[in-house]
Amino acid sequence: MKWMRISSLYVVVVFFFQFVPLPATDFVRLTPENWDRYVPTGKEVDAIYGDYVLRNDKIVAVIAHPNPMRNANLTTVNVGGFVLDLTTVKEPNDQLTCYLPLAGKFRFHSDKKVKISIDGTKSELIDGTGTSIRVAIESSTGPTGERAIIEYRLADGESALGVRHMLFRGNEEITGREFSDGIRADRTFSFSTFQDGELFTATDDWFRQSYGVFFPGGKTTISKKGNKVIDFLGADAKSSRFLIPDSSLVAVKGQMGILAGKNVSPVKVLIEDALGRVGNALVEVKTIHPQSPGMATALGKVRTNVDGAAEFLLPNGTYVAEISAMGHPPKTRRFGVLNQREVLLRLKYEMSPPLVKAKITDSHGQAIPCKVAFVGRNGTPDPDFGPDSAANPVKNLYYSHDGEFKLVIPPGEYSVRVTRGNEYDAEFLEVDCHYNRVTFLQTRLKRSVRSPGWVSAEYHSHSTPSGDNTSDQRGRVLNLLAEHVEFAPCTEHQRIDSYLPHLRSLAANRWMATCTGMELTGKPLPINHQNAFPLIHKPRTQDGGGPRVDPDPVAQIERLAYWDNKSEKVVQINHPNLVQMMGDADLDAKVDQGFKKMFEFVDVMEVHPPEKIFQVPDELPTRGNRGNVIFNWMQLLNQGHRIVGVVNTDAHYNFHGSGWIRNYVKSSHDDPSKIDVMEMVENSKKGKIIMTTGPFLEVVLQPVATALPSTADTVGPGDDVGAPGGKVKLSVKIQCANWLDVNRVQVFLNGRPDSNLNFSRRSHPKRFSNGSVKFQEELQIELARDTHIIVATIGEGLQLGAIYGPKQGNRPPCAVSNPIFVDVDGNGFQANGDRLQSPMLYKK
């Protein structure tokens with residue numbers, strides 16, 4: 001063994017002896033009994049019971065069961081026979097959405113057309129073990145009269161999944177045709193080709209996964225049809241290609257070298273500092289040209305794992321490694337690779353990185369979840385801890401589920417914002433971070449807004465299981481916790497799912513209640529999107545046991561409402577086009593029946609943005625524009641449609657995704673761990689909801705005593721009350737944390753703003769305060785007829801600000817109550833039919 005010291009970098013060269021394991025290539029169909037043994041881990045795993053697994057000692061591949069109902073997620077459908085999950089056995093980390101041989105042009109819908117060969121012998125068994133296994137899946141005949149057979153092959157000791165296809169018209173094989181495959185590797189992936197096109201790669205440096213498609217003797221190109229289609233050129237009747245999963249682009253190239261018969265050597269990188277192993281360090285590997293030592297060609301990037309290590313293979317040569325790690329200065333080191341000897345590249349930083357050690361509590365010293373934003377000052381740039389799809393930290397944010405954390409940060413000066421949703425005052429601090437120093441970040445957050453009897457809720461958000469984003473679901477839960485959301489059903493697209501595993505792993509059940517649910521997302525858009533909760537979750541099954549979509553919005557919402565044997569649930573219409581629903585189904589600006597029948601099955605409806613309640617539309621919306629939804633909602637109320645208004649983020653990514661808008665729902669319990677889900681369902685259906693971007697609004701109404709008895713003493717949003725004579729007392733209270741304010745309060749009577757019930761800081765300064773209670777008044781109102789009363793408040797000319805990030809921070813603080821229905825004549829509440837001087841059709 002030879003040791004060489006280069007500064008603080010150690011290069012260790014040892015002889016490499018390959019260990020040959022016993023035959024261990026398996027083919028299984030997934031069941032509850034074998035699930036834990038065979039299914040890999042990773043953010044993008046989509047396997048369910050019934051799917052097939054090919055696995056050896058190197059890699060594991062999940063092949064979707066061939067049936068017409070097999071979908072991976074909302075945007076990846078008809079995946080039977082395709083590769084859903086693919087990763088290494090040593091570091092399982094699936095980031096693949098789907099690999100589609102022949103670009104998904106053929107449908108593989110029958111498991112009776114699956115043929116298995118083990119060590120060259122056909123097998124009738126579903127499960128088998130051998131040194132080499134082939135799985136052939138035949139498609140149905142397509143509209144052109146052609147059919148395909150896709151064959152997957154995996155042998156013991158191989159680090160690539162072999163894929164080949166055969167095309168037939170009738171019994172005649174079609175040969176020599178160039179072809180395309182499809183790949184879904186989304187968001188943070190980059191795509192390239194190498195080796196004169198023999199190798200196509202899709203690489204995600206941040207999430208440490210790369211996929212290679214090696215096409216020996218041919219050429220791959222990134223299709224002009226899109227960067228997720230791979231064209232294979234010069235096939236010459238050879239359709240074999242190899243799918244290579246590994247932790248980096250460099251590692252994939254090394255595995256390709258083995259397939260190409262090249263001599264490659266193992267290289268292991270290990271990075272440490274005074275605090276221990278350095279995970280997530282980025283190592284760019286470059287080849288130094290023998291003839292031009294000053295020139296280097298980039299091979300690719302490698303990111304270390306949580307243990308500060310990364311492994312890959314390289315051919316003989318001289319290389320340079322450019323190393324960057326959070327909180328450390330960049331390093332550059334040379335090393336050589338020779339004759340299949342293992343190289344250990346070990347780097348230990350001599351200085352400790354700047355470390356922030358935080359302890360955030362409430363005013364009583366109890367640990368609480370929180371969001372901490374680091375903003376560079378005096379020339380220091382904002383830190384970038386990771387992409388918006390990461391779990392934590394995200395961009396310049398850290399979400400803490402318990403208020404305590406340690407965080408390595410680049411040296412510099414920072415402003416720090418510590419927040420916990422809209423009921424807590426924000427703390428604004430400054431810190432200077434230096435090498436070899438721990439910066440203590442300690443503060444207490446005061447809960448200045450009191451909301452007894454109400455809990456904050458989010459009824460619509462997403463993460464990567466939804467299929468239209470790649471956000472880590474754990475990050476969604478951390479985001480919700482940090483923003484003090486107290487009740488949040490899981491509402492992924494096209495599958496019933498649950499947040500409970502994350503809450504349990506974080507020991508955070510006491511901070512947030514949840515239940516299973518889903519968003520059923522069909523076409524036409526956007527009218528055919530509906531949420532429901534709670535629903536019976538059937539884990540590891542197609543759609544989690546949820547219903548299928550339907551092109552008829554009425555049929556779809558009815559199916560969802562009646563799911564689970566008509567169980568009690570909330571059914572919510574998401575981002576509705578109310579003009580289309582009421583009377584323009586085909587959006588041709590001509591009156592028709594619309595989709596009015598949907599109203600029979602809906603309980604609540606998204607009406608955001610709430611600030612538009614202060615804007616009366618001057619003209620009809622143009623076709624395809626949803627217009628002023630909250631104004632249309634008040635029109636609906638006047639037509640007798642008692643549909644509850646809600647607001648939700650529809651968050652898809654984790655950077656300030658959740659929290660900037662929410663609902664307050666009446667609850668018997670303020671402790672999230674005691675929230676009764678079915679009480680949330682009941683109170684949501686009744687309209688006991690306040691909608692807000694921050695201010696906490698309380699509205700209570702009491703009939704004024706007359707000679708005739710009233711039906712109740714005090715009521716709130718969603719309630720009906722009798723008020724003989726029409727005299728009522730309306731109590732309005734508005735609270736804000738120290739980073740929010742409002743300056744206007746408006747009462748709407750049957751959807752119309754009453755000029756006598758319009759209060760602003762300019763017109764009525766004595767009615768407003770500067771403390772946490774911004775407005776608290778009892779308003780005497782005399783009603784001439786049955787009236788639904790809505791109260792709204794806004795900070796006109798104000799913004800939520802940086803606490804909710806660059807995308808949502810420019811919105812105004814605003815809150816809107818659901819209506820209180822006042823029966824004046826004693827015949828029960830009757831809607832007045834007022835369209836508010838605006839028709840409900842599109843402008844041509």
# chains A, B, ... in the order shown; residues from 1 in each chain; ligands from 1
>>> residues_around(residues="A:Ile116", least_positions_apart="6", cutoff="7 Å", atoms="only C-alpha atoms", output="short mmCIF file (atom, residue, chain, number, x, y, z; two decimals) with N, CA and C atoms, in the first residue's frame")
data_model
loop_
_atom_site.label_atom_id
_atom_site.label_comp_id
_atom_site.auth_asym_id
_atom_site.auth_seq_id
_atom_site.Cartn_x
_atom_site.Cartn_y
_atom_site.Cartn_z
N LYS A 122 -37.54 -21.63 -20.11
CA LYS A 122 -38.82 -20.98 -19.86
C LYS A 122 -39.41 -21.45 -18.55
N SER A 123 -40.01 -20.50 -17.83
CA SER A 123 -40.57 -20.81 -16.52
C SER A 123 -42.04 -20.41 -16.49
N ARG A 134 -34.81 -13.38 -18.07
CA ARG A 134 -35.41 -12.56 -19.12
C ARG A 134 -36.91 -12.53 -18.91
N VAL A 135 -37.48 -11.35 -19.07
CA VAL A 135 -38.92 -11.17 -18.96
C VAL A 135 -39.40 -10.52 -20.27
N ALA A 136 -40.24 -11.22 -20.99
CA ALA A 136 -40.77 -10.71 -22.25
C ALA A 136 -42.25 -10.39 -22.08
#
>>> closest_atom_pairs(of="stretch 519-627 of chain A", to="stretch 789-801 of chain A", cutoff="10 Å", atoms="only C-alpha atoms", output="JSON lines")
{"residue": "A:Pro610", "atom": "CA", "partner": "A:Ala792", "partner_atom": "CA", "distance": 8.7}
{"residue": "A:Glu611", "atom": "CA", "partner": "A:Ile794", "partner_atom": "CA", "distance": 7.1}
{"residue": "A:Ile613", "atom": "CA", "partner": "A:Ala792", "partner_atom": "CA", "distance": 7.9}
{"residue": "A:Phe614", "atom": "CA", "partner": "A:Ala792", "partner_atom": "CA", "distance": 8.5}
>>> residues_around(residues="stretch 364-376 of chain A", least_positions_apart="4", cutoff="8 Å", atoms="only C-alpha atoms", output="mmCIF file with all heavy atoms, in the first residue's frame")
data_model
loop_
_atom_site.group_PDB
_atom_site.id
_atom_site.type_symbol
_atom_site.label_atom_id
_atom_site.label_comp_id
_atom_site.auth_asym_id
_atom_site.auth_seq_id
_atom_site.Cartn_x
_atom_site.Cartn_y
_atom_site.Cartn_z
ATOM 1 N N LYS A 359 -32.224 27.364 18.729
ATOM 2 C CA LYS A 359 -33.219 26.898 19.689
ATOM 3 C C LYS A 359 -34.328 27.937 19.727
ATOM 4 O O LYS A 359 -34.158 29.027 20.257
ATOM 5 C CB LYS A 359 -32.621 26.695 21.078
ATOM 6 C CG LYS A 359 -33.640 26.132 22.069
ATOM 7 C CD LYS A 359 -33.020 25.833 23.427
ATOM 8 C CE LYS A 359 -34.049 25.214 24.378
ATOM 9 N NZ LYS A 359 -33.456 24.905 25.705
ATOM 10 N N ILE A 360 -35.470 27.572 19.137
ATOM 11 C CA ILE A 360 -36.610 28.480 19.030
ATOM 12 C C ILE A 360 -37.733 27.925 19.891
ATOM 13 O O ILE A 360 -38.108 26.758 19.771
ATOM 14 C CB ILE A 360 -37.085 28.604 17.567
ATOM 15 C CG1 ILE A 360 -35.887 28.852 16.627
ATOM 16 C CG2 ILE A 360 -38.129 29.687 17.443
ATOM 17 C CD1 ILE A 360 -35.096 30.085 16.917
ATOM 18 N N THR A 380 -23.169 39.936 1.490
ATOM 19 C CA THR A 380 -23.279 38.477 1.580
ATOM 20 C C THR A 380 -24.503 38.022 0.787
ATOM 21 O O THR A 380 -25.611 38.526 1.017
ATOM 22 C CB THR A 380 -23.427 38.023 3.043
ATOM 23 O OG1 THR A 380 -22.282 38.439 3.793
ATOM 24 C CG2 THR A 380 -23.564 36.500 3.128
ATOM 25 N N PRO A 381 -24.353 37.094 -0.145
ATOM 26 C CA PRO A 381 -25.529 36.618 -0.887
ATOM 27 C C PRO A 381 -26.406 35.724 -0.018
ATOM 28 O O PRO A 381 -25.954 35.172 0.989
ATOM 29 C CB PRO A 381 -24.917 35.824 -2.044
ATOM 30 C CG PRO A 381 -23.589 35.372 -1.527
ATOM 31 C CD PRO A 381 -23.108 36.467 -0.605
ATOM 32 N N ASP A 382 -27.666 35.602 -0.403
ATOM 33 C CA ASP A 382 -28.544 34.657 0.283
ATOM 34 C C ASP A 382 -27.985 33.248 0.116
ATOM 35 O O ASP A 382 -27.517 32.883 -0.968
ATOM 36 C CB ASP A 382 -29.956 34.681 -0.304
ATOM 37 C CG ASP A 382 -30.688 35.978 -0.015
ATOM 38 O OD1 ASP A 382 -30.128 36.830 0.694
ATOM 39 O OD2 ASP A 382 -31.826 36.125 -0.498
ATOM 40 N N PRO A 383 -28.012 32.445 1.150
ATOM 41 C CA PRO A 383 -27.554 31.057 0.984
ATOM 42 C C PRO A 383 -28.538 30.285 0.120
ATOM 43 O O PRO A 383 -29.726 30.603 0.061
ATOM 44 C CB PRO A 383 -27.533 30.525 2.421
ATOM 45 C CG PRO A 383 -28.555 31.342 3.137
ATOM 46 C CD PRO A 383 -28.500 32.714 2.514
ATOM 47 N N ASN A 396 -33.298 29.422 0.848
ATOM 48 C CA ASN A 396 -32.688 30.069 2.016
ATOM 49 C C ASN A 396 -33.499 29.828 3.289
ATOM 50 O O ASN A 396 -33.350 30.557 4.266
ATOM 51 C CB ASN A 396 -32.536 31.579 1.788
ATOM 52 C CG ASN A 396 -33.871 32.303 1.751
ATOM 53 O OD1 ASN A 396 -34.881 31.743 1.343
ATOM 54 N ND2 ASN A 396 -33.877 33.554 2.180
ATOM 55 N N LEU A 397 -34.333 28.784 3.289
ATOM 56 C CA LEU A 397 -35.215 28.504 4.429
ATOM 57 C C LEU A 397 -34.819 27.225 5.143
ATOM 58 O O LEU A 397 -34.372 26.255 4.518
ATOM 59 C CB LEU A 397 -36.670 28.339 3.960
ATOM 60 C CG LEU A 397 -37.331 29.485 3.221
ATOM 61 C CD1 LEU A 397 -38.753 29.084 2.844
ATOM 62 C CD2 LEU A 397 -37.332 30.747 4.076
ATOM 63 N N TYR A 398 -35.043 27.233 6.455
ATOM 64 C CA TYR A 398 -34.966 25.999 7.226
ATOM 65 C C TYR A 398 -36.297 25.823 7.946
ATOM 66 O O TYR A 398 -36.758 26.718 8.663
ATOM 67 C CB TYR A 398 -33.829 26.024 8.250
ATOM 68 C CG TYR A 398 -33.576 24.653 8.848
ATOM 69 C CD1 TYR A 398 -32.612 23.817 8.299
ATOM 70 C CD2 TYR A 398 -34.322 24.184 9.920
ATOM 71 C CE1 TYR A 398 -32.392 22.545 8.822
ATOM 72 C CE2 TYR A 398 -34.114 22.918 10.441
ATOM 73 C CZ TYR A 398 -33.155 22.102 9.890
ATOM 74 O OH TYR A 398 -32.948 20.850 10.398
ATOM 75 N N TYR A 399 -36.939 24.651 7.719
ATOM 76 C CA TYR A 399 -38.177 24.309 8.422
ATOM 77 C C TYR A 399 -37.823 23.387 9.588
ATOM 78 O O TYR A 399 -37.307 22.284 9.379
ATOM 79 C CB TYR A 399 -39.150 23.582 7.495
ATOM 80 C CG TYR A 399 -39.637 24.379 6.311
ATOM 81 C CD1 TYR A 399 -39.500 23.888 5.014
ATOM 82 C CD2 TYR A 399 -40.258 25.602 6.483
ATOM 83 C CE1 TYR A 399 -39.968 24.610 3.917
ATOM 84 C CE2 TYR A 399 -40.725 26.330 5.399
ATOM 85 C CZ TYR A 399 -40.574 25.829 4.122
ATOM 86 O OH TYR A 399 -41.035 26.548 3.046
ATOM 87 N N SER A 400 -38.112 23.850 10.782
ATOM 88 C CA SER A 400 -37.820 23.029 11.956
ATOM 89 C C SER A 400 -39.118 22.492 12.549
ATOM 90 O O SER A 400 -40.054 23.247 12.791
ATOM 91 C CB SER A 400 -37.075 23.840 13.014
ATOM 92 O OG SER A 400 -36.889 23.071 14.185
ATOM 93 N N HIS A 401 -39.171 21.183 12.778
ATOM 94 C CA HIS A 401 -40.381 20.583 13.349
ATOM 95 C C HIS A 401 -40.412 20.668 14.869
ATOM 96 O O HIS A 401 -41.460 20.424 15.472
ATOM 97 C CB HIS A 401 -40.491 19.116 12.929
ATOM 98 C CG HIS A 401 -39.425 18.235 13.516
ATOM 99 N ND1 HIS A 401 -38.130 18.209 13.039
ATOM 100 C CD2 HIS A 401 -39.464 17.359 14.549
ATOM 101 C CE1 HIS A 401 -37.428 17.351 13.742
ATOM 102 N NE2 HIS A 401 -38.205 16.820 14.673
ATOM 103 N N ASP A 402 -39.271 21.057 15.482
ATOM 104 C CA ASP A 402 -39.249 21.147 16.937
ATOM 105 C C ASP A 402 -38.478 22.362 17.452
ATOM 106 O O ASP A 402 -38.252 22.486 18.658
ATOM 107 C CB ASP A 402 -38.667 19.870 17.543
ATOM 108 C CG ASP A 402 -37.225 19.605 17.118
ATOM 109 O OD1 ASP A 402 -36.640 20.445 16.391
ATOM 110 O OD2 ASP A 402 -36.685 18.551 17.502
ATOM 111 N N GLY A 403 -38.068 23.263 16.567
ATOM 112 C CA GLY A 403 -37.401 24.487 16.997
ATOM 113 C C GLY A 403 -35.925 24.357 17.271
ATOM 114 O O GLY A 403 -35.260 25.363 17.555
ATOM 115 N N GLU A 404 -35.363 23.158 17.173
ATOM 116 C CA GLU A 404 -33.940 22.969 17.439
ATOM 117 C C GLU A 404 -33.261 22.369 16.218
ATOM 118 O O GLU A 404 -33.728 21.366 15.668
ATOM 119 C CB GLU A 404 -33.731 22.076 18.661
ATOM 120 C CG GLU A 404 -34.242 22.696 19.957
ATOM 121 C CD GLU A 404 -33.794 21.928 21.189
ATOM 122 O OE1 GLU A 404 -32.699 21.325 21.135
ATOM 123 O OE2 GLU A 404 -34.527 21.924 22.186
ATOM 124 N N GLY A 412 -20.426 34.809 6.500
ATOM 125 C CA GLY A 412 -20.983 36.094 6.086
ATOM 126 C C GLY A 412 -21.915 36.665 7.126
ATOM 127 O O GLY A 412 -22.053 36.148 8.240
ATOM 128 N N GLU A 413 -22.556 37.763 6.730
ATOM 129 C CA GLU A 413 -23.483 38.461 7.611
ATOM 130 C C GLU A 413 -24.914 38.230 7.110
ATOM 131 O O GLU A 413 -25.186 38.365 5.915
ATOM 132 C CB GLU A 413 -23.173 39.961 7.629
ATOM 133 C CG GLU A 413 -21.760 40.280 8.098
ATOM 134 C CD GLU A 413 -21.460 41.761 8.028
ATOM 135 O OE1 GLU A 413 -22.393 42.572 8.210
ATOM 136 O OE2 GLU A 413 -20.300 42.127 7.778
ATOM 137 N N TYR A 414 -25.805 37.916 8.037
ATOM 138 C CA TYR A 414 -27.165 37.552 7.659
ATOM 139 C C TYR A 414 -28.208 38.245 8.531
ATOM 140 O O TYR A 414 -28.005 38.417 9.744
ATOM 141 C CB TYR A 414 -27.375 36.037 7.788
ATOM 142 C CG TYR A 414 -26.490 35.224 6.886
ATOM 143 C CD1 TYR A 414 -25.279 34.719 7.350
ATOM 144 C CD2 TYR A 414 -26.849 34.964 5.568
ATOM 145 C CE1 TYR A 414 -24.446 33.969 6.539
ATOM 146 C CE2 TYR A 414 -26.029 34.220 4.734
ATOM 147 C CZ TYR A 414 -24.830 33.717 5.218
ATOM 148 O OH TYR A 414 -24.010 32.978 4.407
ATOM 149 N N SER A 415 -29.290 38.628 7.886
ATOM 150 C CA SER A 415 -30.519 38.950 8.607
ATOM 151 C C SER A 415 -31.320 37.659 8.699
ATOM 152 O O SER A 415 -31.386 36.892 7.728
ATOM 153 C CB SER A 415 -31.328 40.017 7.861
ATOM 154 O OG SER A 415 -30.608 41.223 7.768
ATOM 155 N N VAL A 416 -31.923 37.427 9.840
ATOM 156 C CA VAL A 416 -32.649 36.179 10.068
ATOM 157 C C VAL A 416 -34.082 36.510 10.467
ATOM 158 O O VAL A 416 -34.319 37.319 11.378
ATOM 159 C CB VAL A 416 -31.971 35.329 11.168
ATOM 160 C CG1 VAL A 416 -32.716 34.002 11.343
ATOM 161 C CG2 VAL A 416 -30.509 35.084 10.829
ATOM 162 N N ARG A 417 -35.029 35.884 9.762
ATOM 163 C CA ARG A 417 -36.450 36.016 10.108
ATOM 164 C C ARG A 417 -36.935 34.694 10.678
ATOM 165 O O ARG A 417 -36.858 33.654 10.016
ATOM 166 C CB ARG A 417 -37.292 36.376 8.884
ATOM 167 C CG ARG A 417 -36.950 37.723 8.259
ATOM 168 C CD ARG A 417 -37.988 38.092 7.193
ATOM 169 N NE ARG A 417 -38.030 37.111 6.116
ATOM 170 C CZ ARG A 417 -37.361 37.233 4.966
ATOM 171 N NH1 ARG A 417 -36.579 38.301 4.767
ATOM 172 N NH2 ARG A 417 -37.460 36.316 4.022
ATOM 173 N N VAL A 418 -37.451 34.746 11.888
ATOM 174 C CA VAL A 418 -37.967 33.540 12.535
ATOM 175 C C VAL A 418 -39.477 33.711 12.684
ATOM 176 O O VAL A 418 -39.946 34.670 13.313
ATOM 177 C CB VAL A 418 -37.321 33.312 13.917
ATOM 178 C CG1 VAL A 418 -37.784 31.989 14.508
ATOM 179 C CG2 VAL A 418 -35.799 33.360 13.812
ATOM 180 N N THR A 419 -40.228 32.791 12.099
ATOM 181 C CA THR A 419 -41.686 32.917 12.090
ATOM 182 C C THR A 419 -42.344 31.580 12.378
ATOM 183 O O THR A 419 -41.725 30.516 12.259
ATOM 184 C CB THR A 419 -42.185 33.435 10.730
ATOM 185 O OG1 THR A 419 -41.760 32.525 9.698
ATOM 186 C CG2 THR A 419 -41.629 34.811 10.425
ATOM 187 N N ARG A 420 -43.619 31.652 12.729
ATOM 188 C CA ARG A 420 -44.449 30.448 12.903
ATOM 189 C C ARG A 420 -45.883 30.791 12.505
ATOM 190 O O ARG A 420 -46.783 30.935 13.343
ATOM 191 C CB ARG A 420 -44.390 29.957 14.341
ATOM 192 C CG ARG A 420 -45.342 28.791 14.603
ATOM 193 C CD ARG A 420 -44.912 27.965 15.784
ATOM 194 N NE ARG A 420 -45.970 27.124 16.300
ATOM 195 C CZ ARG A 420 -46.464 26.048 15.678
ATOM 196 N NH1 ARG A 420 -46.009 25.708 14.485
ATOM 197 N NH2 ARG A 420 -47.417 25.342 16.239
ATOM 198 N N GLY A 421 -46.094 30.999 11.234
ATOM 199 C CA GLY A 421 -47.441 31.261 10.755
ATOM 200 C C GLY A 421 -47.949 32.622 11.167
ATOM 201 O O GLY A 421 -47.208 33.495 11.628
ATOM 202 N N ARG A 444 -37.517 33.644 21.359
ATOM 203 C CA ARG A 444 -38.849 33.177 21.733
ATOM 204 C C ARG A 444 -39.886 33.872 20.851
ATOM 205 O O ARG A 444 -39.786 35.082 20.628
ATOM 206 C CB ARG A 444 -39.145 33.469 23.213
ATOM 207 C CG ARG A 444 -38.233 32.723 24.169
ATOM 208 C CD ARG A 444 -38.696 32.877 25.605
ATOM 209 N NE ARG A 444 -37.884 32.083 26.522
ATOM 210 C CZ ARG A 444 -38.248 31.761 27.760
ATOM 211 N NH1 ARG A 444 -39.411 32.205 28.243
ATOM 212 N NH2 ARG A 444 -37.460 31.032 28.523
ATOM 213 N N ASN A 479 -43.188 21.989 5.896
ATOM 214 C CA ASN A 479 -43.684 23.314 5.550
ATOM 215 C C ASN A 479 -44.984 23.619 6.289
ATOM 216 O O ASN A 479 -45.163 24.703 6.866
ATOM 217 C CB ASN A 479 -43.875 23.381 4.034
ATOM 218 C CG ASN A 479 -44.156 24.764 3.483
ATOM 219 O OD1 ASN A 479 -44.308 24.926 2.277
ATOM 220 N ND2 ASN A 479 -44.252 25.781 4.333
ATOM 221 N N LEU A 481 -46.092 22.226 9.077
ATOM 222 C CA LEU A 481 -45.820 22.324 10.512
ATOM 223 C C LEU A 481 -45.225 23.679 10.868
ATOM 224 O O LEU A 481 -45.630 24.322 11.845
ATOM 225 C CB LEU A 481 -44.864 21.215 10.941
ATOM 226 C CG LEU A 481 -45.411 19.789 10.987
ATOM 227 C CD1 LEU A 481 -44.279 18.795 11.126
ATOM 228 C CD2 LEU A 481 -46.408 19.637 12.135
ATOM 229 N N ALA A 482 -44.247 24.120 10.080
ATOM 230 C CA ALA A 482 -43.563 25.372 10.371
ATOM 231 C C ALA A 482 -44.494 26.567 10.259
ATOM 232 O O ALA A 482 -44.287 27.589 10.932
ATOM 233 C CB ALA A 482 -42.373 25.553 9.437
ATOM 234 N N GLU A 483 -45.533 26.453 9.426
ATOM 235 C CA GLU A 483 -46.478 27.556 9.226
ATOM 236 C C GLU A 483 -47.673 27.493 10.171
ATOM 237 O O GLU A 483 -48.626 28.262 10.020
ATOM 238 C CB GLU A 483 -46.966 27.568 7.780
ATOM 239 C CG GLU A 483 -45.896 27.906 6.758
ATOM 240 C CD GLU A 483 -45.445 29.353 6.825
ATOM 241 O OE1 GLU A 483 -45.989 30.114 7.653
ATOM 242 O OE2 GLU A 483 -44.552 29.736 6.050
ATOM 243 N N HIS A 484 -47.633 26.586 11.139
ATOM 244 C CA HIS A 484 -48.692 26.499 12.140
ATOM 245 C C HIS A 484 -50.060 26.185 11.510
ATOM 246 O O HIS A 484 -51.088 26.709 11.915
ATOM 247 C CB HIS A 484 -48.771 27.789 12.969
ATOM 248 C CG HIS A 484 -49.623 27.658 14.198
ATOM 249 N ND1 HIS A 484 -50.358 28.706 14.706
ATOM 250 C CD2 HIS A 484 -49.868 26.606 15.016
ATOM 251 C CE1 HIS A 484 -51.013 28.320 15.782
ATOM 252 N NE2 HIS A 484 -50.720 27.043 15.997
#
>>> residues_around(residues="A:Leu275", least_positions_apart="5", cutoff="12 Å", atoms="only C-alpha atoms", output="PyMOL selection string")
chain A and resi 308+327+348-355+406-408+435-438
>>> select_by_dssp(residues="stretch 366-428 of chain A", states="strand (DSSP E or B)", output="count of residues only")
32
>>> residues_around(residues="A:Ile174", least_positions_apart="4", cutoff="12 Å", atoms="only C-alpha atoms", output="list of chain:residue names")
A:Gly145, A:Glu146, A:Arg147, A:Ala148, A:Ile149, A:His165, A:Met166, A:Leu167, A:Phe168, A:Arg169, A:Gly170, A:Glu178, A:Phe179, A:Asp236, A:Ala237, A:Lys238, A:Ser239
>>> residues_around(residues="A:Thr87", least_positions_apart="3", cutoff="9 Å", atoms="only C-alpha atoms", output="ChimeraX atom specification")
/A:40-42,58-61,90-96,209,211,244-247
>>> residues_around(residues="A:Glu272", least_positions_apart="6", cutoff="12 Å", atoms="only C-alpha atoms", output="number ranges by chain")
A: 8-10, 278-281, 304-309, 323, 325, 328, 345-353
